[in-house]
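The structure appears right after this line, and notes come after that.
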Amino acid sequence: MEDTKYMHLALQLAKKGYGYVNPNPMVGAVLVKNGRIIGQGYHEKYGGHHAELNAIESCSESPIGSTLYVTLEPCCHIGKNPPCTDAILKSGIEKVVIGSGDPNPLVAGKGIELLCKKGVKVVEGVLKAECDKLNEVFFHYIQTGNPFVVMKYAMTLDGKTAAYTGKSKWITGEIARHRVHQDRHRYSAIMTGIGTVLADNSLLTCRIENGRNPIRIICDTHLRTQLDFKVVTTAKDVPTIIATSCDDLEKHKPYQDAGCCIMHISQKDGHLDLGELMKKLGEKKIDSILLEGGSTLNWSALQAGIVKKVQAYIAPKILGGINSKTPVAGMGVESPNEAFFLTNSIITNLGEDILIESEVARNVHWNY
């Protein structure tokens, strides 16, 4: 019981790193001695000290003989910081209780092995499911090199994302919209399609206090984004990537002069090859993407197999209309048994609205 109590605290500390540590994992650490907490810390920002060192440096008394509770296996390699295992051994910590193992090939059990060899008692797997869930983005990114993609949309109870006129403001209420901005802060990037940009001329920024703006990614096969649109005119302030198949360098130049990054992507079935795009974004250390696309891009993303999670915000409203927009368009599947299956759903009440978050469990169209 004591182990789970302190690990719960470590998890709460780790969550303070939301949006600030990408593409690193979120990690929290608590030091306990004689039944008292003597130090605590978390990984606060990318490139900053790791949670273990922050906890050790915060100690109110000597950590010799103490127990360290940490949500992720301590690293044992030199990166932007020295190995956490070195700091643990130098401090005199007697026992380390770990939530998740680290799938990073540079660690992957080596940190635990080193500590055990040096005489430190190690306990693994305390609140493992919760600790694993905390870093689902990091685990996916470190193992695949591709961003973790969350497909988000808001719809009414009859499955409409806009009225037949195209008007969509607002489907959901303020509480739900605030949650969306929290996720814009949390994930590294936000991605949308040219259709949404042309229709809304949105900023695609995070509008919460002390929030971090995500990198903006515009899927624009034929480079139709207008130069006077907000995503272009603010590109020197908010990093903006335009993914396009247009290879006319002269046409690229005005966007580049405005501060946009042009990323050339091959076409597949008349649209951007999203698999190729994910690989190139992963190489830029973009570990996660909030996909706020229209119905066409949503279908393409599902077909390409890049979506890992779906967020459906549902408002208690009915719009009706045979021509009203729906979240996912495209041809669709031929029969229910070919559907994109979702699992592990979590339901959250947000005022009058409901958020359903589900993992993509099986997709017969996956191609990578």
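As shown in the structure tokens, the chain order sets the letters A, B, ...; within each chain, residues go from 1, and ligands are also counted from 1 in the order they appear.
The list of residues with at least one atom within 12 Å of Asp269 in chain A, based on only C-alpha atoms and without residues fewer than 2 positions apart in the same chain, reads A:Thr221, A:Ser266, A:Gln267, A:His271, A:Leu272, A:Asp273, A:Leu274, A:Ser300, A:Gln303, A:Ala304.
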Any chance you could export the current selection's N, CA, C and O atoms as a PDB file, in the first residue's frame?
```
ATOM      1  N   THR A 221      -1.848  19.336 -50.649  1.00  0.00           N
ATOM      2  CA  THR A 221      -1.255  18.597 -51.770  1.00  0.00           C
ATOM      3  C   THR A 221      -0.792  19.511 -52.900  1.00  0.00           C
ATOM      4  O   THR A 221       0.331  19.375 -53.404  1.00  0.00           O
ATOM      5  N   SER A 266       5.459  12.808 -51.334  1.00  0.00           N
ATOM      6  CA  SER A 266       4.943  12.133 -52.520  1.00  0.00           C
ATOM      7  C   SER A 266       3.424  11.978 -52.441  1.00  0.00           C
ATOM      8  O   SER A 266       2.839  12.041 -51.356  1.00  0.00           O
ATOM      9  N   GLN A 267       2.820  11.741 -53.589  1.00  0.00           N
ATOM     10  CA  GLN A 267       1.385  11.472 -53.616  1.00  0.00           C
ATOM     11  C   GLN A 267       1.116   9.980 -53.597  1.00  0.00           C
ATOM     12  O   GLN A 267       1.902   9.175 -54.091  1.00  0.00           O
ATOM     13  N   HIS A 271      -3.526  11.778 -53.088  1.00  0.00           N
ATOM     14  CA  HIS A 271      -3.377  12.587 -51.874  1.00  0.00           C
ATOM     15  C   HIS A 271      -1.952  12.443 -51.335  1.00  0.00           C
ATOM     16  O   HIS A 271      -1.177  11.611 -51.816  1.00  0.00           O
ATOM     17  N   LEU A 272      -1.618  13.242 -50.348  1.00  0.00           N
ATOM     18  CA  LEU A 272      -0.305  13.112 -49.726  1.00  0.00           C
ATOM     19  C   LEU A 272      -0.128  11.717 -49.154  1.00  0.00           C
ATOM     20  O   LEU A 272      -1.066  11.144 -48.584  1.00  0.00           O
ATOM     21  N   ASP A 273       1.058  11.174 -49.277  1.00  0.00           N
ATOM     22  CA  ASP A 273       1.384   9.886 -48.664  1.00  0.00           C
ATOM     23  C   ASP A 273       1.612  10.136 -47.172  1.00  0.00           C
ATOM     24  O   ASP A 273       2.674  10.602 -46.760  1.00  0.00           O
ATOM     25  N   LEU A 274       0.598   9.860 -46.369  1.00  0.00           N
ATOM     26  CA  LEU A 274       0.661  10.185 -44.943  1.00  0.00           C
ATOM     27  C   LEU A 274       1.685   9.340 -44.205  1.00  0.00           C
ATOM     28  O   LEU A 274       2.241   9.780 -43.192  1.00  0.00           O
ATOM     29  N   SER A 300      -8.541   9.588 -44.802  1.00  0.00           N
ATOM     30  CA  SER A 300      -7.219   9.251 -45.331  1.00  0.00           C
ATOM     31  C   SER A 300      -6.284   8.798 -44.220  1.00  0.00           C
ATOM     32  O   SER A 300      -5.497   7.859 -44.392  1.00  0.00           O
ATOM     33  N   GLN A 303      -7.246   5.280 -43.182  1.00  0.00           N
ATOM     34  CA  GLN A 303      -6.815   4.340 -44.213  1.00  0.00           C
ATOM     35  C   GLN A 303      -5.308   4.106 -44.175  1.00  0.00           C
ATOM     36  O   GLN A 303      -4.835   2.988 -44.387  1.00  0.00           O
ATOM     37  N   ALA A 304      -4.570   5.177 -43.910  1.00  0.00           N
ATOM     38  CA  ALA A 304      -3.110   5.072 -43.881  1.00  0.00           C
ATOM     39  C   ALA A 304      -2.604   4.365 -42.631  1.00  0.00           C
ATOM     40  O   ALA A 304      -1.427   4.010 -42.546  1.00  0.00           O
TER      41      ALA A 304
END
```
Report task. Please give the complete set of residues from range 62-229 of chain A that DSSP, run on the backbone, assigns to helix (DSSP H, G or I), formatted as a PyMOL selection string. Result -> chain A and resi 84-91+110-117+128-134+136-144+174-186+194-200
Report summary line: With distances taken over only C-alpha atoms, the candidate from A:Ile64, A:Ala51, A:Ile289, A:Ala329 nearest Tyr141 in chain A is A:Ile289
Determine, using only C-alpha atoms, which residues of range 115-182 of chain A have any atom at most 10 Å from an atom of range 312-324 of chain A, and tabulate each with its shortest atom pair and distance in Å to one decimal place, rows ordered by chain and then rising number, as a Markdown table.
```
| residue | atom | partner | partner_atom | distance |
| --- | --- | --- | --- | --- |
| A:Met151 | CA | A:Ala312 | CA | 8.3 |
| A:Lys152 | CA | A:Ala312 | CA | 6.0 |
| A:Tyr153 | CA | A:Ala312 | CA | 5.4 |
| A:Ala154 | CA | A:Tyr313 | CA | 4.4 |
| A:Met155 | CA | A:Ile314 | CA | 5.1 |
| A:Thr156 | CA | A:Ala315 | CA | 4.8 |
| A:Leu157 | CA | A:Pro316 | CA | 5.7 |
| A:Asp158 | CA | A:Ile318 | CA | 5.6 |
| A:Gly159 | CA | A:Ile318 | CA | 8.2 |
| A:Lys160 | CA | A:Ser324 | CA | 6.2 |
| A:Thr161 | CA | A:Ser324 | CA | 7.5 |
| A:Ala162 | CA | A:Ser324 | CA | 6.0 |
| A:Ala163 | CA | A:Ser324 | CA | 5.1 |
| A:Tyr164 | CA | A:Ser324 | CA | 4.1 |
| A:Thr165 | CA | A:Ser324 | CA | 7.6 |
| A:Gly166 | CA | A:Ser324 | CA | 7.4 |
| A:Lys167 | CA | A:Ser324 | CA | 9.6 |
| A:Trp170 | CA | A:Ala315 | CA | 9.8 |
| A:Ile171 | CA | A:Ala315 | CA | 6.4 |
| A:Thr172 | CA | A:Ala315 | CA | 5.5 |
| A:Gly173 | CA | A:Ala315 | CA | 8.0 |
| A:Ala176 | CA | A:Tyr313 | CA | 7.4 |
| A:Arg177 | CA | A:Tyr313 | CA | 9.4 |
| A:Val180 | CA | A:Tyr313 | CA | 9.5 |
```
Query raised in the report: Between A:Ile217, A:Gln226, A:Gly351, A:Lys279, which has the minimum distance to Glu174 in chain A (counting only C-alpha atoms)?
Result: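 Smallest separation from Glu174 in chain A among the options: A:Gly351.
Taking only C-alpha atoms into account, Pro23 in chain A lies nearest to A:Glu136 out of the set A:Glu338, A:Glu209, A:Glu136, A:Glu352.
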**Report entry** Pairwise distance for CA of Asp3 in chain A and CA of Ser91 in chain A, rounded to one decimal in Å
**Finding:**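 Interatomic distance here is 20.6 Å.
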**Report entry** Selection: 7 Å around range 39-41 of chain A, only C-alpha atoms, excl. self and same-chain fewer than 2 positions, as a list of chain:residue names
**Finding:**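 Here the qualifying residues turn out to be A:Leu13, A:Gly28, A:Ala29, A:Val30, A:Leu31, A:Ile37, A:Ala51, A:Glu52, A:Asn54, A:Ala55, A:Ile56, A:Ser58, A:Cys59, A:Ser60.
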Requested in this report: Work out how far CA of Leu350 in chain A is from CA of Ile175 in chain A, in Å to one decimal.
Outcome: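 Interatomic distance here is 5.8 Å.
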Query - Atomic separation - CA of Lys33 in chain A relative to CA of Leu72 in chain A, Å - result: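 CA of Lys33 in chain A lies at a distance of 20.1 Å from CA of Leu72 in chain A.
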Report task. Extract, using only C-alpha atoms, all DNA, RNA and protein residues at most 10 Å from Gln256 in chain A, discarding same-chain residues fewer than 3 positions from it, and format them as a list in words. Result ->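 Near neighbours after the sequence-gap exclusion: Val232, Ala235, Lys236, Thr240, Ile241, Ile242, Lys251, His252, Lys253, Gly259, Cys260, Cys261 and Ile262 of chain A.
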Output file for the residues above (N, CA and C atoms, as a compact mmCIF listing (two decimals), in the first residue's frame):
```txt
# COMPACT_ATOMS: atom_id res chain seq x y z
N VAL A 232 -0.03 31.50 -42.34
CA VAL A 232 1.15 31.97 -43.07
C VAL A 232 1.68 33.27 -42.45
N ALA A 235 3.62 32.69 -39.24
CA ALA A 235 4.54 31.56 -39.25
C ALA A 235 5.90 31.87 -38.61
N LYS A 236 6.26 33.13 -38.54
CA LYS A 236 7.53 33.48 -37.88
C LYS A 236 7.40 33.44 -36.37
N THR A 240 5.42 26.53 -38.50
CA THR A 240 4.39 26.07 -39.43
C THR A 240 5.02 25.25 -40.54
N ILE A 241 4.52 24.05 -40.74
CA ILE A 241 4.99 23.16 -41.81
C ILE A 241 3.86 23.00 -42.81
N ILE A 242 4.15 23.24 -44.08
CA ILE A 242 3.17 22.96 -45.13
C ILE A 242 3.67 21.73 -45.89
N LYS A 251 7.19 28.63 -56.44
CA LYS A 251 5.93 28.74 -55.70
C LYS A 251 6.17 28.56 -54.20
N HIS A 252 7.21 27.83 -53.83
CA HIS A 252 7.53 27.64 -52.41
C HIS A 252 8.01 28.93 -51.76
N LYS A 253 8.75 29.72 -52.53
CA LYS A 253 9.51 30.83 -51.95
C LYS A 253 8.69 31.83 -51.12
N GLY A 259 8.17 32.48 -43.41
CA GLY A 259 8.56 31.71 -42.23
C GLY A 259 8.08 30.27 -42.21
N CYS A 260 7.35 29.85 -43.24
CA CYS A 260 6.86 28.47 -43.30
C CYS A 260 7.97 27.51 -43.73
N CYS A 261 7.87 26.29 -43.26
CA CYS A 261 8.73 25.21 -43.72
C CYS A 261 7.95 24.40 -44.75
N ILE A 262 8.48 24.28 -45.95
CA ILE A 262 7.82 23.48 -46.98
C ILE A 262 8.40 22.07 -46.94
```
Using only C-alpha atoms, determine which residues lie at most 8 Å from Leu115 in chain A, disregarding the query and same-chain residues fewer than 6 positions distant; provide the list as a compact mmCIF listing (two decimals) with N, CA and C atoms, in the first residue's frame.
```
# COMPACT_ATOMS: atom_id res chain seq x y z
N THR A 85 21.25 6.78 -13.21
CA THR A 85 21.78 5.71 -12.35
C THR A 85 23.01 6.18 -11.58
N LEU A 89 23.29 6.17 -7.47
CA LEU A 89 24.37 5.46 -6.76
C LEU A 89 25.20 6.41 -5.89
N LYS A 121 18.44 -2.31 -4.10
CA LYS A 121 17.26 -3.15 -4.22
C LYS A 121 16.28 -2.49 -5.19
N VAL A 122 15.76 -3.27 -6.14
CA VAL A 122 14.86 -2.72 -7.15
C VAL A 122 13.53 -3.49 -7.14
```
Query raised in the report: If you count only C-alpha atoms, which residues fall within 7 Å of Ile194 in chain A, apart from same-chain ones fewer than 2 positions away, as a list in words?
Result: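 The filter keeps Thr192, Thr196, Val197, Leu198, Ile218, Cys219, Asp220 and Thr225 of chain A.
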